[in-house]
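Peer 1: Below is the file target-v4.cif, with mmCIF, C-alpha atoms and all ligand atoms.
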```cif
data_start
loop_
_atom_site.label_atom_id
_atom_site.label_comp_id
_atom_site.auth_asym_id
_atom_site.auth_seq_id
_atom_site.Cartn_x
_atom_site.Cartn_y
_atom_site.Cartn_z
CA MET A 74 0.00 0.00 0.00
CA THR A 75 1.29 3.46 -0.77
CA MET A 76 0.21 6.63 1.00
CA THR A 77 2.18 9.02 -1.20
CA PRO A 78 0.05 12.11 -1.81
CA PRO A 79 -0.58 12.77 -5.51
CA SER A 80 1.13 16.18 -5.25
CA ILE A 81 4.49 14.56 -4.53
CA SER A 82 6.42 13.33 -7.53
CA ALA A 83 10.02 12.38 -8.17
CA PRO A 84 11.73 15.20 -10.06
CA ILE A 85 14.46 14.71 -12.64
CA TYR A 86 17.74 15.93 -11.17
CA SER A 87 20.98 16.70 -12.97
CA GLU A 88 24.24 14.98 -12.09
CA GLN A 89 25.38 18.31 -10.69
CA ASP A 90 22.42 18.29 -8.30
CA HIS A 91 23.35 14.80 -7.07
CA HIS A 92 26.92 15.99 -6.65
CA THR A 93 25.74 18.96 -4.53
CA TRP A 94 23.73 16.57 -2.33
CA ALA A 95 26.70 14.22 -1.93
CA ALA A 96 29.03 17.12 -1.06
CA LEU A 97 26.62 18.47 1.55
CA TYR A 98 25.99 15.03 3.02
CA ALA A 99 29.69 14.17 3.30
CA ARG A 100 30.50 17.49 4.90
CA GLN A 101 27.65 17.59 7.39
CA LEU A 102 27.50 13.95 8.52
CA PRO A 103 30.54 13.96 10.87
CA GLN A 104 29.38 17.13 12.61
CA ALA A 105 25.76 15.95 12.85
CA GLU A 106 26.84 12.58 14.27
CA GLN A 107 29.09 14.29 16.78
CA ARG A 108 26.61 16.97 17.88
CA GLY A 109 23.20 15.52 17.03
CA CYS A 110 20.90 14.10 19.69
CA ARG A 111 20.19 10.36 19.86
CA LEU A 112 16.80 10.71 18.18
CA PHE A 113 18.49 12.26 15.17
CA ARG A 114 21.29 9.71 14.99
CA ASP A 115 18.94 6.72 15.31
CA GLY A 116 16.41 8.28 12.95
CA LEU A 117 18.99 8.90 10.26
CA GLN A 118 19.76 5.16 10.27
CA ARG A 119 16.08 4.32 9.88
CA LEU A 120 15.60 6.93 7.16
CA ARG A 121 18.25 5.25 4.96
CA LEU A 122 19.06 8.24 2.76
CA ASP A 123 21.58 7.59 0.00
CA PRO A 124 24.67 9.72 0.73
CA GLN A 125 25.43 9.87 -2.99
CA ARG A 126 22.06 10.43 -4.65
CA LEU A 127 19.17 12.80 -4.03
CA PRO A 128 16.23 11.08 -2.34
CA ASP A 129 13.10 10.02 -4.17
CA PRO A 130 10.29 11.79 -2.27
CA CYS A 131 7.81 8.97 -2.94
CA ASP A 132 10.12 6.33 -1.45
CA VAL A 133 10.85 8.45 1.60
CA SER A 134 7.18 9.28 2.09
CA ASP A 135 6.24 5.60 1.99
CA ARG A 136 9.02 4.68 4.43
CA LEU A 137 7.95 7.40 6.86
CA PHE A 138 4.36 6.25 6.64
CA GLU A 139 5.33 2.71 7.58
CA LEU A 140 7.46 3.89 10.48
CA SER A 141 5.43 6.70 12.01
CA GLY A 142 2.31 7.40 9.97
CA TRP A 143 3.75 10.63 8.52
CA THR A 144 3.93 11.40 4.80
CA LEU A 145 5.57 14.13 2.76
CA GLY A 146 3.66 17.08 1.29
CA ASP A 147 4.57 19.57 -1.42
CA ALA A 148 6.06 22.84 -0.13
CA GLN A 149 6.08 24.28 -3.67
CA ASN A 150 9.73 25.33 -3.39
CA ALA A 151 9.06 28.32 -1.17
CA TYR A 152 8.48 29.29 2.41
CA LEU A 153 4.93 28.19 3.07
CA GLY A 154 2.79 30.64 4.99
CA PRO A 155 2.58 29.55 8.64
CA THR A 156 -1.10 28.64 8.45
CA GLU A 157 -0.55 26.41 5.44
CA TRP A 158 2.48 24.92 7.21
CA PHE A 159 0.58 24.00 10.37
CA GLU A 160 -2.35 22.66 8.33
CA HIS A 161 0.09 20.13 6.85
CA ILE A 162 1.54 19.38 10.30
CA ALA A 163 -1.94 18.79 11.73
CA GLU A 164 -2.46 16.18 8.98
CA ARG A 165 0.82 14.37 9.82
CA ARG A 166 2.31 15.60 6.56
CA PHE A 167 5.77 17.19 6.37
CA PRO A 168 6.05 19.72 3.52
CA VAL A 169 9.22 19.32 1.46
CA THR A 170 10.66 21.15 -1.50
CA ASN A 171 12.25 19.67 -4.62
CA TYR A 172 14.79 22.46 -4.69
CA ILE A 173 18.49 21.74 -4.15
CA ARG A 174 20.87 24.65 -3.78
CA GLN A 175 23.31 25.60 -6.53
CA PRO A 176 27.02 24.77 -6.16
CA HIS A 177 27.90 28.39 -5.27
CA GLU A 178 25.35 28.23 -2.42
CA ILE A 179 26.93 25.25 -0.61
CA ASP A 180 27.54 27.33 2.50
CA PHE A 181 24.27 29.20 2.57
CA THR A 182 20.94 29.13 0.79
CA PRO A 183 18.23 31.63 1.71
CA LEU A 184 15.47 29.17 0.76
CA PRO A 185 15.21 25.95 2.75
CA ASP A 186 16.36 23.34 0.27
CA LEU A 187 15.82 19.64 0.33
CA PHE A 188 19.10 18.97 2.11
CA HIS A 189 17.80 20.94 5.07
CA GLU A 190 14.49 19.13 4.99
CA TYR A 191 15.58 15.54 4.39
CA PHE A 192 18.81 15.56 6.36
CA GLY A 193 17.81 18.01 9.09
CA HIS A 194 14.17 17.19 9.73
CA LEU A 195 13.09 13.80 8.48
CA ALA A 196 15.20 11.59 10.75
CA PHE A 197 12.98 12.77 13.61
CA PHE A 198 9.80 11.86 11.75
CA THR A 199 10.80 8.19 11.62
CA ASP A 200 9.93 8.19 15.34
CA ARG A 201 6.23 7.83 16.12
CA ARG A 202 6.43 9.58 19.48
CA PHE A 203 8.25 12.59 18.01
CA GLY A 204 5.70 12.57 15.20
CA ASP A 205 2.87 12.72 17.74
CA ILE A 206 4.51 15.64 19.53
CA ALA A 207 5.13 17.54 16.30
CA GLN A 208 1.58 16.92 15.09
CA ALA A 209 0.16 18.50 18.26
CA PHE A 210 1.44 21.90 17.13
CA GLY A 211 -1.06 21.79 14.25
CA PRO A 212 -4.41 21.88 16.08
CA LEU A 213 -2.93 24.18 18.73
CA TYR A 214 -1.93 26.70 16.06
CA LEU A 215 -5.19 26.41 14.16
CA ALA A 216 -7.23 27.04 17.35
CA ALA A 217 -5.19 30.13 18.26
CA ASP A 218 -5.68 33.85 17.63
CA GLU A 219 -3.19 35.96 15.68
CA ARG A 220 -0.85 36.79 18.60
CA GLN A 221 -0.92 33.20 19.84
CA ARG A 222 -0.20 31.89 16.35
CA LEU A 223 2.97 33.96 16.10
CA GLU A 224 4.04 32.69 19.51
CA ILE A 225 3.26 29.03 18.74
CA ALA A 226 5.27 29.31 15.51
CA ARG A 227 8.20 30.57 17.60
CA LEU A 228 7.84 27.69 20.08
CA TRP A 229 8.05 25.33 17.08
CA TRP A 230 11.00 27.30 15.72
CA PHE A 231 13.11 27.32 18.89
CA THR A 232 12.53 23.60 19.49
CA THR A 233 12.28 21.68 16.20
CA GLU A 234 14.30 24.11 14.08
CA PHE A 235 16.95 25.54 16.41
CA GLY A 236 16.58 23.77 19.75
CA LEU A 237 19.40 22.31 21.81
CA LEU A 238 19.03 19.68 24.49
CA TYR A 239 20.97 17.98 27.24
CA GLU A 240 21.39 14.25 26.84
CA ASP A 241 23.48 12.21 29.29
CA GLY A 242 24.99 15.48 30.50
CA GLU A 243 26.08 16.53 27.01
CA LEU A 244 24.77 19.44 24.98
CA ARG A 245 23.25 18.12 21.73
CA ALA A 246 21.52 19.54 18.68
CA LEU A 247 17.81 18.93 18.24
CA GLY A 248 16.96 21.56 15.65
CA ALA A 249 17.00 20.76 11.94
CA GLY A 250 18.41 24.20 11.18
CA LEU A 251 21.48 23.26 13.20
CA LEU A 252 21.82 19.70 11.94
CA SER A 253 21.78 20.79 8.29
CA SER A 254 24.04 23.83 8.65
CA ILE A 255 27.80 23.80 9.21
CA GLY A 256 27.90 27.45 10.23
CA GLU A 257 24.90 27.62 12.53
CA MET A 258 25.83 24.39 14.32
CA GLN A 259 29.22 25.90 15.13
CA LYS A 260 27.59 29.14 16.22
CA ALA A 261 25.11 27.35 18.51
CA PHE A 262 27.90 25.44 20.30
CA ALA A 263 30.48 28.27 20.42
CA PRO A 264 31.57 29.24 23.95
CA ALA A 265 30.58 32.88 23.48
CA THR A 266 27.06 32.12 22.22
CA GLN A 267 24.12 32.82 24.52
CA ARG A 268 22.26 29.62 25.48
CA ILE A 269 19.57 29.51 28.14
CA PRO A 270 17.19 26.88 29.51
CA PHE A 271 13.98 26.88 27.49
CA ALA A 272 11.58 29.50 28.85
CA ILE A 273 8.17 29.63 27.19
CA ARG A 274 7.55 33.38 27.38
CA ARG A 275 11.12 34.22 26.39
CA ALA A 276 10.95 31.94 23.32
CA ALA A 277 7.46 33.14 22.43
CA GLU A 278 8.71 36.72 22.38
CA THR A 279 11.96 36.09 20.50
CA ALA A 280 11.85 36.80 16.78
CA SER A 281 13.09 34.00 14.53
CA ALA A 282 16.02 34.79 12.26
CA VAL A 283 15.48 33.48 8.75
CA TYR A 284 18.25 35.15 6.77
CA GLU A 285 20.91 35.32 9.48
CA MET A 286 22.06 33.28 12.46
CA HIS A 287 20.33 33.50 15.81
CA GLN A 288 21.66 35.45 18.79
CA ILE A 289 20.24 33.07 21.38
CA TYR A 290 19.44 29.35 21.58
CA PHE A 291 17.18 27.52 24.02
CA ILE A 292 18.13 24.28 25.77
CA LEU A 293 15.59 21.54 26.55
CA ASP A 294 15.91 18.76 29.13
CA GLY A 295 14.88 16.33 26.42
CA VAL A 296 12.35 15.87 23.64
CA GLU A 297 9.56 15.19 26.15
CA GLN A 298 9.93 18.75 27.42
CA ILE A 299 8.26 19.85 24.19
CA VAL A 300 5.10 18.12 25.46
CA ALA A 301 5.29 20.09 28.70
CA ILE A 302 5.82 23.31 26.71
CA ILE A 303 2.80 22.70 24.47
CA ARG A 304 0.57 21.77 27.40
CA GLN A 305 1.71 24.72 29.52
CA TYR A 306 1.21 27.17 26.66
CA ALA A 307 -2.27 25.78 25.93
CA THR A 308 -3.18 26.01 29.62
CA ASP A 309 -1.88 29.57 30.02
CA GLU A 310 -3.65 30.73 26.88
CA GLY A 311 -6.96 28.91 27.33
CA LEU A 312 -6.41 26.76 24.22
CA PRO A 313 -7.38 23.08 23.86
CA ILE A 314 -4.76 20.97 25.66
CA PRO A 315 -3.42 18.25 23.36
CA ALA A 316 -3.73 14.66 24.54
CA LEU A 317 -0.09 13.60 24.44
FE FE B 401 13.10 23.59 8.68
#
```
Could you express the structure from this file as structure tokens?
Ligand SMILES: [Fe+2]

Peer 2:
Amino acid sequence: MTMTPPSISAPIYSEQDHHTWAALYARQLPQAEQRGCRLFRDGLQRLRLDPQRLPDPCDVSDRLFELSGWTLGDAQNAYLGPTEWFEHIAERRFPVTNYIRQPHEIDFTPLPDLFHEYFGHLAFFTDRRFGDIAQAFGPLYLAADERQRLEIARLWWFTTEFGLLYEDGELRALGAGLLSSIGEMQKAFAPATQRIPFAIRRAAETASAVYEMHQIYFILDGVEQIVAIIRQYATDEGLPIPAL
């Protein structure tokens, strides 16, 4: 049985595109294995990406569905608006692009490309529990007013995109934006960088940086703290409390 949505199709990539993927993968893997949290490292094994060739979105979507009940959706090669984004998330669908950066953009691409999405995010979505936690952001966001929506998007951002966590006494990367970026991973772990224990109001009031690196990172006790964050925010704001 396949659950691949009809909007997802396997694009035709050039050899240069495959080469860009392979170069990014080879460069990022040692750092991500050294700094990444256990959920990422185990998930990357289960995800079985080919280090040499760009992934086929249909294959990956089917594998995710078997493992966690998530599928891939079409992000239309752009930043989705936050409402559209959380509508996908509420449906257990992770939006991905087909876009791979150009060779001169190896160090930085302003658009999230598929290396960020497949390498940075999808390992986590092989895990059903993480998938349940991520999905809970969807209905919470959709039930919220405009101010709350901005804040919920920031709670997502400073956990799943740029979060750090302590694991066995070691600081580890949780966020996909760290795991897929040489520069921002180094920035997040640099001695001079500001890192503080996750504080809901502080994160909710901190603007996300899209085109530059962040000035502050938040540290979780573990992935389960995201559940506590979601439940506390829902309680404080009078929103439906997710059953997690
Ligand atoms: Fe992302």

Peer 1: Mind listing the residues within 8 Å of ligand FE 401 (chain B), all atoms listed in the file counted, as number ranges by chain?

Peer 2: A: 185, 189-190, 193-194, 233-234, 249-250

Peer 1: Select, from A:Leu195, A:Ala96, A:Leu184, A:Ala226, the residue with the minimum atom-to-atom distance to Leu252 (chain A), counting only C-alpha atoms.

Peer 2: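 Looking at the shortest contact to Leu252 (chain A), the residue is A:Leu195.
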
Peer 1: Determine, using only C-alpha atoms, which residues of region 216-269 of chain A have any atom at most 8 Å from an atom of region 279-284 of chain A, and tabulate each with its shortest atom pair and distance in Å to one decimal place, rows ordered by chain and then rising number, as a tab-separated table.

Peer 2:
```
residue	atom	partner	partner_atom	distance
A:Arg227	CA	A:Ser281	CA	6.7
A:Trp230	CA	A:Ser281	CA	7.1
A:Phe231	CA	A:Ser281	CA	8.0
```

Peer 1: Show me as a list of chain:residue names the residues that reach within 12 Å of (27.7, 28.3, 11.5), counting all atoms listed in the file and using the file's own coordinates.

Peer 2: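 In the file's frame, the residues around the point are A:Gln101, A:Gln104, A:Asp180, A:Phe181, A:Gly250, A:Leu251, A:Leu252, A:Ser253, A:Ser254, A:Ile255, A:Gly256, A:Glu257, A:Met258, A:Gln259, A:Lys260, A:Ala261, A:Phe262, A:Ala263, A:Thr266, A:Glu285, A:Met286, A:His287, A:Gln288.
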
Peer 1: Skipping near chain neighbours, those fewer than 3 positions away, what residues fall within 9 Å of Gly295 (chain A) using all atoms listed in the file, listed as a PyMOL selection string?

Peer 2: chain A and resi 237-240+292+298-299

Peer 1: For each of A:Gly242, A:Gly146, A:Pro264, A:Pro155, take the minimum atom-to-atom distance to Trp229 (chain A), counting all atoms listed in the file, then give the residue where this is smallest.

Peer 2: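 When distances to Trp229 (chain A) are compared using all atoms listed in the file, the smallest one comes from A:Pro155.
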
Peer 1: Nearest residue to Gln118 (chain A) out of A:Thr232, A:Gln175, A:Gln208, A:Thr199, using only C-alpha atoms?

Peer 2: A:Thr199

Peer 1: Calculate how many Å separate CA of Phe167 (chain A) from CA of Ala95 (chain A), rounding to one decimal.

Peer 2: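 Computing the Euclidean distance for CA of Phe167 (chain A) and CA of Ala95 (chain A) yields 22.7 Å.
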
Peer 1: Starting from 5 Å padding per side, set up an axis-aligned box that covers all listed atoms of region 133-150 of chain A and hand over centre and edge lengths in Å, one decimal, as AutoDock Vina command-line options.

Peer 2:
```
--center_x 6.6 --center_y 14.0 --center_z 4.2 --size_x 18.5 --size_y 32.6 --size_z 25.7
```

Peer 1: In Å, rounded to a single decimal, give me how far CA of Arg174 (chain A) is from CA of Ala83 (chain A).

Peer 2: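 According to the coordinates, CA of Ala83 (chain A) and CA of Arg174 (chain A) are separated by 17.0 Å.
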
Peer 1: Just add N, CA and C atoms to region 261-290 of chain A and send it as a tab-separated table (two decimals), in the frame of the given file.

Peer 2:
```
chain	number	residue	atom	x	y	z
A	261	ALA	N	25.94	27.75	17.37
A	261	ALA	CA	25.11	27.35	18.51
A	261	ALA	C	25.94	26.74	19.64
A	262	PHE	N	27.07	26.10	19.29
A	262	PHE	CA	27.90	25.44	20.30
A	262	PHE	C	29.11	26.29	20.73
A	263	ALA	N	29.30	27.45	20.11
A	263	ALA	CA	30.48	28.27	20.42
A	263	ALA	C	30.42	28.77	21.86
A	264	PRO	N	31.57	28.83	22.54
A	264	PRO	CA	31.57	29.24	23.95
A	264	PRO	C	30.92	30.61	24.18
A	265	ALA	N	31.08	31.53	23.25
A	265	ALA	CA	30.58	32.88	23.48
A	265	ALA	C	29.08	33.04	23.20
A	266	THR	N	28.47	32.01	22.61
A	266	THR	CA	27.06	32.12	22.22
A	266	THR	C	26.15	32.04	23.44
A	267	GLN	N	25.08	32.84	23.41
A	267	GLN	CA	24.12	32.82	24.52
A	267	GLN	C	23.18	31.62	24.38
A	268	ARG	N	23.16	30.79	25.42
A	268	ARG	CA	22.26	29.62	25.48
A	268	ARG	C	21.59	29.64	26.85
A	269	ILE	N	20.27	29.49	26.85
A	269	ILE	CA	19.57	29.51	28.14
A	269	ILE	C	18.58	28.35	28.20
A	270	PRO	N	18.23	27.91	29.40
A	270	PRO	CA	17.19	26.88	29.51
A	270	PRO	C	15.91	27.37	28.86
A	271	PHE	N	15.18	26.47	28.23
A	271	PHE	CA	13.98	26.88	27.49
A	271	PHE	C	12.99	27.55	28.44
A	272	ALA	N	12.56	28.74	28.06
A	272	ALA	CA	11.58	29.50	28.85
A	272	ALA	C	10.48	29.90	27.88
A	273	ILE	N	9.25	29.48	28.17
A	273	ILE	CA	8.17	29.63	27.19
A	273	ILE	C	7.98	31.08	26.78
A	274	ARG	N	7.83	31.98	27.76
A	274	ARG	CA	7.55	33.38	27.38
A	274	ARG	C	8.73	33.97	26.61
A	275	ARG	N	9.94	33.66	27.06
A	275	ARG	CA	11.12	34.22	26.39
A	275	ARG	C	11.16	33.75	24.92
A	276	ALA	N	10.93	32.46	24.70
A	276	ALA	CA	10.95	31.94	23.32
A	276	ALA	C	9.80	32.52	22.51
A	277	ALA	N	8.63	32.64	23.15
A	277	ALA	CA	7.46	33.14	22.43
A	277	ALA	C	7.63	34.59	22.00
A	278	GLU	N	8.52	35.30	22.69
A	278	GLU	CA	8.71	36.72	22.38
A	278	GLU	C	10.00	36.99	21.63
A	279	THR	N	10.71	35.93	21.23
A	279	THR	CA	11.96	36.09	20.50
A	279	THR	C	11.71	35.90	19.00
A	280	ALA	N	12.08	36.89	18.22
A	280	ALA	CA	11.85	36.80	16.78
A	280	ALA	C	12.77	35.74	16.18
A	281	SER	N	12.26	34.98	15.22
A	281	SER	CA	13.09	34.00	14.53
A	281	SER	C	13.92	34.70	13.47
A	282	ALA	N	15.15	34.24	13.30
A	282	ALA	CA	16.02	34.79	12.26
A	282	ALA	C	15.98	33.83	11.08
A	283	VAL	N	15.59	34.34	9.93
A	283	VAL	CA	15.48	33.48	8.75
A	283	VAL	C	16.70	33.66	7.84
A	284	TYR	N	17.16	34.87	7.72
A	284	TYR	CA	18.25	35.15	6.77
A	284	TYR	C	19.59	35.39	7.45
A	285	GLU	N	19.64	35.20	8.76
A	285	GLU	CA	20.91	35.32	9.48
A	285	GLU	C	20.88	34.35	10.65
A	286	MET	N	22.02	34.21	11.33
A	286	MET	CA	22.06	33.28	12.46
A	286	MET	C	21.42	33.90	13.69
A	287	HIS	N	21.01	33.02	14.60
A	287	HIS	CA	20.33	33.50	15.81
A	287	HIS	C	21.33	34.03	16.84
A	288	GLN	N	20.83	34.88	17.72
A	288	GLN	CA	21.66	35.45	18.79
A	288	GLN	C	21.51	34.66	20.08
A	289	ILE	N	20.49	33.83	20.15
A	289	ILE	CA	20.24	33.07	21.38
A	289	ILE	C	19.64	31.71	21.01
A	290	TYR	N	20.00	30.69	21.78
A	290	TYR	CA	19.44	29.35	21.58
A	290	TYR	C	18.89	28.85	22.92
```
